[in-house]
Each structure stands twice: as structure tokens, then as C-alpha cells.
Amino acid sequence: MTIQATDSTPAKGRLAQAGHHRGTKVRRQRVRAAWTFLAPMLVALVLVAGWPLLRTFYFSFTDASLSDTAGAALIGFENYLVYDDGTWYGLLADPVWWRSVWNTVFFSVVSVSLEVVFGIIVALLLNAEFKGRMLVRAAVLIPWAIPTIVSAKMWAWMLNDQFGIINHMLMAIGIIDSPIAWTASASYSMWAVIMVDVWKTIPFVALLVLAALQMLPKDCYEAAEVDGIHPVRVFFRVTLPLITPALMVAVIFRLLDALRVFDVIYVLTSNATSTMTMSIYARQQLVEFQDVGYGSAASTMLFLIIALAVVIYLYLGRRQLGVDQ
């Protein structure tokens with residue numbers, strides 16, 4: 001018996017080693033197949049996005065103008081920051097740029113936060129069973145389906161201080177005494193564009209949260225109902241933790257859109273300083289002032305800020321979900 005046990009041990013080892021080599025070979029084949037299918041997409045991505053991005057980085061270190069990009073000369077970091085005759089010049093010394101950074105961050109944080117809160121509420125309502133639920137779900141998606149330019153122009157007419165329906169309704173019910181220039185006033189313009197953006201993108205967040213709600217196990221809620229736990233407590237203790245991955249996906253997509261927002265704000269307020277974002281600032285330098293070098297520096301800083309925000313968010317998200325553990 002001892003001899004048989006001794007003889008069987010190497011055989012088991014050989015079988016395990018053969019299985020390991022087989023698994024490694026299959027894994028390598030899958031990796032090669034994955035790279036084969038991804039290669040065309042990666043090449044297209046490099047041509048469509050990578051090359052223009054590299055040219056933007058290059059132009060940010062030159063004095064290129066819109067009329068003469070070929071004759072641009074390297075000037076180092078002068079578009080970003082330079083000290084001359086006791087004064088700092090460049091993008092990082094421009095108060096309008098920093099105002100646009102603050103406007104972008106404020107817009108992103110407030111709009112995404114409101115979209116998440118109202119998106120969860122709408123998703124919970126749509127997840128309930130009632131007659132005509134499918135029709136209501138289709139109707140809720142309409143704001144998201146409308147092109148941003150169209151919806152922004154529609155709201156621009158509605159918010160007009162002379163013939164806009166918003167002022168007419170508010171004066172009819174006695175909330176305001178005189179028309180308000182919602183998109184022209186420095187006090188109200190930012191909140192006006194936030195309202196329009198929230199109205200348009202709530203359906204996107206609601207759709208992702210609704211999909212997560214549809215996949216939740218029913219036994220947890222049945223047990224909570226038997227135990228007599230309050231629905232609010234069930235939401236914060238059961239529902240919210242289970243839909244957190246879907247919320248993270250919704251937030252990261254909306255955060256990327258909000259940080260590079262251009263169309264809705266430009267249609268509503270154009271180049272107004274009170275609502276100018278980093279994208280609008282870069283466009284103003286590139287197109288209106290025809291300063292490709294300075295505008296490319298602004299675009300590069302926009303890219304770096306968005307990349308930093310995404311890295312921080314993904315890191316915090318991994319810690320929140322316990323991926324590192």
C-alpha cells in the first residue's frame with residue numbers, strides 16, 4: 001500500500017501540471033484572440049483621437065495661429081506660464097481661465113448630484129407596478145432623446161425675458177413681479193443652464209438605476225416586509241448598496257459629459273463670463289482670437305483636469321466597492 005501511494009503521488013503531480021499547462025495555453029489563446037479583435041478598434045482610435053490629441057499637446061508649446069499653423073515656432077511653456085517684467089503671463093495666470101475652471105467644477109458637481117438624486121427617485125417610481133407603466137417609461141426618455149442643441153434652443157425661448165413662457169407662468173401665479181432675464185443675468189444664468197442640463201439627463205441616470213433595480217433579488221425585500229422594517233430604512237440598507245455599481249457607472253459617464261460641457265451652455269449664454277466653462281474658453285481662444293497655441297494649452301489643461309478627476313473617482317470607487325481587498 002505504501003508503494004502504491006508513493007507511485008500515485010508523481011502521477012497526480014503530472015496530471016496537475018498538465019492541467020496547468022493546458023489552462024495556460026487556453027488563456028494565452030484567448031488573450032491573442034482578444035488582441036486580434038481589438039486591434040482594428042485600437043488603430044482607429046489612435047488615428048481618430050490619438051493623433052489630434054498629440055497635435056494639441058504639440059501646439060500648446062508653440063505660437064501657432066489659426067491662419068499659420070505650419071509656421072509655428074516652439075516657445076516652451078509660455079502659453080501656460082511665463083514671468084516677464086515683474087508680471088506673470090499665460091494660461092495659469094489668467095483669472096478668466098480660473099473662473100472657467102470654477103464654473104465647470106461647480107456645474108459638474110451640482111448638476112450630477114441633482115441628476116443622481118432625481119434619477120433614483122424617477123427610477124423607483126418607474127419600478128413600481130401601475131397601469132400604463134410602459135407608456136410612462138417611454139415618455140420619461142423623451143428629454144434624453146432630444147438632441148442637446150434642440151433642447152437648449154427650446155429652453156432659450158422658454159426662458160426669454162420678453163416672451164418666454166417661464167416668466168409668464170411665474171408672474172401668473174405671483175412668484176415674481178417682473179420678467180427675469182434668466183440666461184443674461186449673472187445671478188441666474190448658471191442655475192438656468194444647470195436646470196436645463198438636469199432636465200435633459202435625468203432619464204439617462206434613471207434608466208441605468210432602473211436596470212439595476214430590475215435585477216435585485218426579491219427575497220431580501222420579502223424578508224424585510226415580514227420583519228416589518230420601514231421602507232426608507234430598507235432603501236438605505238438594502239437597495240442603495242446593491243445599486244451602487246450602477247450608480248457609479250452613471251456618475252462617471254455624467255461627470256465626463258459635465259466636465260467637457262459646451263453645447264447647452266454656449267446656446268443659452270454664449271461667451272458670458274458667469275457661465276464660461278473650460279471648453280467654451282478653449283473655443284474662444286482657438287476660433288474667435290485665432291490663437292491656436294494658447295487655445296491648445298487650454299484644451300490640454302482641460303484634458304489633464306478631466307483625466308485627474310476620472311482617476312480620483314475610479315480610485316475612490318474601487319475603495320468603496322472593496323475591489324482592492
# chains A, B, ... in the order shown; residues from 1 in each chain; ligands from 1
call {"tool": "closest_atom_pairs", "arguments": {"of": "stretch 196-308 of chain A", "to": "stretch 103-111 of chain A", "cutoff": "7 Å", "atoms": "only C-alpha atoms", "output": "Markdown table"}}
result
| residue | atom | partner | partner_atom | distance |
| --- | --- | --- | --- | --- |
| A:Val198 | CA | A:Ser111 | CA | 5.9 |
| A:Leu255 | CA | A:Ser108 | CA | 6.4 |
| A:Ala258 | CA | A:Ser108 | CA | 4.9 |
| A:Leu259 | CA | A:Ser108 | CA | 5.9 |
| A:Thr275 | CA | A:Asn103 | CA | 6.1 |
| A:Met276 | CA | A:Asn103 | CA | 6.6 |
| A:Thr277 | CA | A:Thr104 | CA | 5.0 |
| A:Met278 | CA | A:Thr104 | CA | 6.5 |
call {"tool": "write_last_selection", "arguments": {"atoms": "N, CA, C and O atoms", "output": "PDB file, in the first residue's frame"}}
result
ATOM      1  N   VAL A 198     -30.039  69.240 -16.105  1.00  0.00           N
ATOM      2  CA  VAL A 198     -30.655  68.235 -15.236  1.00  0.00           C
ATOM      3  C   VAL A 198     -31.922  67.688 -15.878  1.00  0.00           C
ATOM      4  O   VAL A 198     -32.173  66.475 -15.865  1.00  0.00           O
ATOM      5  N   LEU A 255     -20.225  62.633 -15.262  1.00  0.00           N
ATOM      6  CA  LEU A 255     -19.135  63.519 -14.865  1.00  0.00           C
ATOM      7  C   LEU A 255     -18.260  63.876 -16.057  1.00  0.00           C
ATOM      8  O   LEU A 255     -17.843  65.025 -16.217  1.00  0.00           O
ATOM      9  N   ALA A 258     -20.215  66.377 -18.087  1.00  0.00           N
ATOM     10  CA  ALA A 258     -20.347  67.677 -17.431  1.00  0.00           C
ATOM     11  C   ALA A 258     -19.038  68.463 -17.457  1.00  0.00           C
ATOM     12  O   ALA A 258     -19.043  69.684 -17.639  1.00  0.00           O
ATOM     13  N   LEU A 259     -17.905  67.781 -17.268  1.00  0.00           N
ATOM     14  CA  LEU A 259     -16.621  68.481 -17.246  1.00  0.00           C
ATOM     15  C   LEU A 259     -16.248  69.061 -18.606  1.00  0.00           C
ATOM     16  O   LEU A 259     -15.519  70.051 -18.683  1.00  0.00           O
ATOM     17  N   THR A 275     -20.919  82.026 -16.905  1.00  0.00           N
ATOM     18  CA  THR A 275     -21.158  80.604 -17.195  1.00  0.00           C
ATOM     19  C   THR A 275     -20.081  79.991 -18.083  1.00  0.00           C
ATOM     20  O   THR A 275     -20.228  78.846 -18.505  1.00  0.00           O
ATOM     21  N   MET A 276     -19.020  80.726 -18.367  1.00  0.00           N
ATOM     22  CA  MET A 276     -17.988  80.205 -19.263  1.00  0.00           C
ATOM     23  C   MET A 276     -17.313  78.986 -18.652  1.00  0.00           C
ATOM     24  O   MET A 276     -16.831  79.029 -17.517  1.00  0.00           O
ATOM     25  N   THR A 277     -17.277  77.885 -19.399  1.00  0.00           N
ATOM     26  CA  THR A 277     -16.601  76.676 -18.958  1.00  0.00           C
ATOM     27  C   THR A 277     -15.252  76.551 -19.667  1.00  0.00           C
ATOM     28  O   THR A 277     -14.912  77.358 -20.538  1.00  0.00           O
ATOM     29  N   MET A 278     -14.501  75.531 -19.314  1.00  0.00           N
ATOM     30  CA  MET A 278     -13.189  75.349 -19.906  1.00  0.00           C
ATOM     31  C   MET A 278     -13.286  75.096 -21.407  1.00  0.00           C
ATOM     32  O   MET A 278     -12.443  75.571 -22.179  1.00  0.00           O
TER      33      MET A 278
END
call {"tool": "residues_around", "arguments": {"residues": "A:Gln162", "least_positions_apart": "2", "cutoff": "8 Å", "atoms": "only C-alpha atoms", "output": "PDB file with N, CA and C atoms, in the first residue's frame"}}
result
ATOM      1  N   ASN A 160     -36.776  83.163 -22.172  1.00  0.00           N
ATOM      2  CA  ASN A 160     -36.619  84.539 -22.635  1.00  0.00           C
ATOM      3  C   ASN A 160     -37.361  85.503 -21.718  1.00  0.00           C
ATOM      4  N   GLY A 164     -40.924  84.656 -22.979  1.00  0.00           N
ATOM      5  CA  GLY A 164     -40.760  83.292 -22.505  1.00  0.00           C
ATOM      6  C   GLY A 164     -41.927  82.847 -21.638  1.00  0.00           C
ATOM      7  N   PRO A 179     -40.526  90.305 -15.344  1.00  0.00           N
ATOM      8  CA  PRO A 179     -39.754  89.265 -16.041  1.00  0.00           C
ATOM      9  C   PRO A 179     -38.293  89.261 -15.621  1.00  0.00           C
TER      10      PRO A 179
END
call {"tool": "atom_distance", "arguments": {"atom1": "atom CA of A:Leu159", "atom2": "atom CA of A:Trp182"}}
result
6.0 Å
call {"tool": "atom_distance", "arguments": {"atom1": "atom CA of A:Leu125", "atom2": "atom CA of A:Leu210"}}
result
9.3 Å
call {"tool": "select_by_dssp", "arguments": {"residues": "stretch 106-324 of chain A", "states": "helix (DSSP H, G or I)", "output": "ChimeraX atom specification"}}
result
/A:106-127,133-140,142-145,148-158,165-172,189-214,218-227,231-259,263-269,278-288,292-321
call {"tool": "residues_around", "arguments": {"residues": "stretch 269-271 of chain A", "least_positions_apart": "4", "cutoff": "8 Å", "atoms": "only C-alpha atoms", "output": "ChimeraX atom specification"}}
result
/A:183-184,189,265,275-276,280-281,284
call {"tool": "write_last_selection", "arguments": {"atoms": "N, CA and C atoms", "output": "PDB file, in the first residue's frame"}}
result
ATOM      1  N   THR A 183     -31.132  83.833 -18.666  1.00  0.00           N
ATOM      2  CA  THR A 183     -29.875  83.466 -19.313  1.00  0.00           C
ATOM      3  C   THR A 183     -28.914  84.638 -19.495  1.00  0.00           C
ATOM      4  N   ALA A 184     -29.350  85.831 -19.180  1.00  0.00           N
ATOM      5  CA  ALA A 184     -28.498  87.015 -19.329  1.00  0.00           C
ATOM      6  C   ALA A 184     -28.035  87.567 -17.989  1.00  0.00           C
ATOM      7  N   SER A 189     -28.013  82.876 -14.474  1.00  0.00           N
ATOM      8  CA  SER A 189     -27.668  82.152 -15.699  1.00  0.00           C
ATOM      9  C   SER A 189     -27.104  80.759 -15.406  1.00  0.00           C
ATOM     10  N   ILE A 265     -24.503  75.189 -22.719  1.00  0.00           N
ATOM     11  CA  ILE A 265     -24.156  76.494 -22.150  1.00  0.00           C
ATOM     12  C   ILE A 265     -23.915  77.509 -23.255  1.00  0.00           C
ATOM     13  N   THR A 275     -20.919  82.026 -16.905  1.00  0.00           N
ATOM     14  CA  THR A 275     -21.158  80.604 -17.195  1.00  0.00           C
ATOM     15  C   THR A 275     -20.081  79.991 -18.083  1.00  0.00           C
ATOM     16  N   MET A 276     -19.020  80.726 -18.367  1.00  0.00           N
ATOM     17  CA  MET A 276     -17.988  80.205 -19.263  1.00  0.00           C
ATOM     18  C   MET A 276     -17.313  78.986 -18.652  1.00  0.00           C
ATOM     19  N   ILE A 280     -15.651  76.203 -23.470  1.00  0.00           N
ATOM     20  CA  ILE A 280     -16.003  77.465 -24.126  1.00  0.00           C
ATOM     21  C   ILE A 280     -14.799  78.404 -24.149  1.00  0.00           C
ATOM     22  N   TYR A 281     -14.003  78.416 -23.082  1.00  0.00           N
ATOM     23  CA  TYR A 281     -12.796  79.240 -23.047  1.00  0.00           C
ATOM     24  C   TYR A 281     -11.825  78.802 -24.137  1.00  0.00           C
ATOM     25  N   GLN A 284     -13.067  79.850 -27.523  1.00  0.00           N
ATOM     26  CA  GLN A 284     -12.921  81.287 -27.737  1.00  0.00           C
ATOM     27  C   GLN A 284     -11.497  81.635 -28.156  1.00  0.00           C
TER      28      GLN A 284
END
call {"tool": "select_by_dssp", "arguments": {"residues": "stretch 64-113 of chain A", "states": "strand (DSSP E or B)", "output": "short mmCIF file (atom, residue, chain, number, x, y, z; two decimals) with N, CA, C and O atoms, in the first residue's frame"}}
result
data_model
loop_
_atom_site.label_atom_id
_atom_site.label_comp_id
_atom_site.auth_asym_id
_atom_site.auth_seq_id
_atom_site.Cartn_x
_atom_site.Cartn_y
_atom_site.Cartn_z
N SER A 65 -0.94 80.18 -34.90
CA SER A 65 -2.19 80.91 -35.06
C SER A 65 -3.07 80.15 -36.05
O SER A 65 -2.60 79.28 -36.78
N ASP A 68 -1.82 80.41 -39.60
CA ASP A 68 -0.50 79.89 -39.94
C ASP A 68 -0.07 78.86 -38.90
O ASP A 68 0.68 79.15 -37.98
N LEU A 74 8.43 76.88 -31.61
CA LEU A 74 8.37 76.41 -30.24
C LEU A 74 8.69 77.54 -29.27
O LEU A 74 9.69 78.25 -29.44
N VAL A 82 4.53 82.28 -17.80
CA VAL A 82 5.81 82.91 -18.08
C VAL A 82 5.91 84.18 -17.23
O VAL A 82 4.90 84.87 -16.99
N TYR A 83 7.11 84.49 -16.75
CA TYR A 83 7.36 85.67 -15.94
C TYR A 83 8.14 86.68 -16.76
O TYR A 83 9.23 86.39 -17.25
N ASP A 84 7.57 87.88 -16.92
CA ASP A 84 8.20 88.89 -17.76
C ASP A 84 7.95 90.26 -17.17
O ASP A 84 6.80 90.65 -16.92
N THR A 87 5.77 90.55 -14.04
CA THR A 87 4.37 90.12 -14.13
C THR A 87 4.30 88.72 -14.71
O THR A 87 5.05 88.38 -15.62
N TRP A 88 3.36 87.93 -14.17
CA TRP A 88 3.14 86.59 -14.68
C TRP A 88 2.11 86.64 -15.81
O TRP A 88 1.09 87.29 -15.70
N TYR A 89 2.41 85.93 -16.88
CA TYR A 89 1.51 85.84 -18.02
C TYR A 89 1.25 84.35 -18.33
O TYR A 89 1.96 83.48 -17.86
#
call {"tool": "atom_distance", "arguments": {"atom1": "atom CA of A:Gln285", "atom2": "atom CA of A:Ser60"}}
result
11.9 Å
call {"tool": "closest_residue", "arguments": {"among": "A:Arg237, A:Arg283, A:Lys131, A:Lys200", "to": "A:Arg254", "atoms": "only C-alpha atoms"}}
result
A:Lys200
call {"tool": "residues_around", "arguments": {"residues": "A:Val310", "least_positions_apart": "3", "cutoff": "10 Å", "atoms": "only C-alpha atoms", "output": "PyMOL selection string"}}
result
chain A and resi 252-253+255-256+304-307+313-316
call {"tool": "write_last_selection", "arguments": {"atoms": "C-alpha atoms", "output": "compact mmCIF listing (two decimals), in the first residue's frame"}}
result
# COMPACT_ATOMS: atom_id res chain seq x y z
CA ILE A 252 -18.67 58.56 -14.26
CA PHE A 253 -20.42 58.99 -17.62
CA LEU A 255 -19.13 63.52 -14.86
CA LEU A 256 -17.21 63.17 -18.11
CA LEU A 304 -5.50 66.79 -17.76
CA ILE A 305 -8.18 68.02 -15.33
CA ILE A 306 -10.72 65.52 -16.68
CA ALA A 307 -8.16 62.69 -16.55
CA TYR A 313 -13.15 58.92 -8.91
CA LEU A 314 -12.16 55.42 -10.04
CA TYR A 315 -9.73 55.09 -7.11
CA LEU A 316 -12.35 56.14 -4.59
call {"tool": "closest_residue", "arguments": {"among": "A:Thr56, A:Thr24, A:Thr201, A:Thr244", "to": "A:Val264", "atoms": "only C-alpha atoms"}}
result
A:Thr201
call {"tool": "closest_residue", "arguments": {"among": "A:Val140, A:Ala156, A:Leu81, A:Ala44", "to": "A:Ala298", "atoms": "only C-alpha atoms"}}
result
A:Leu81
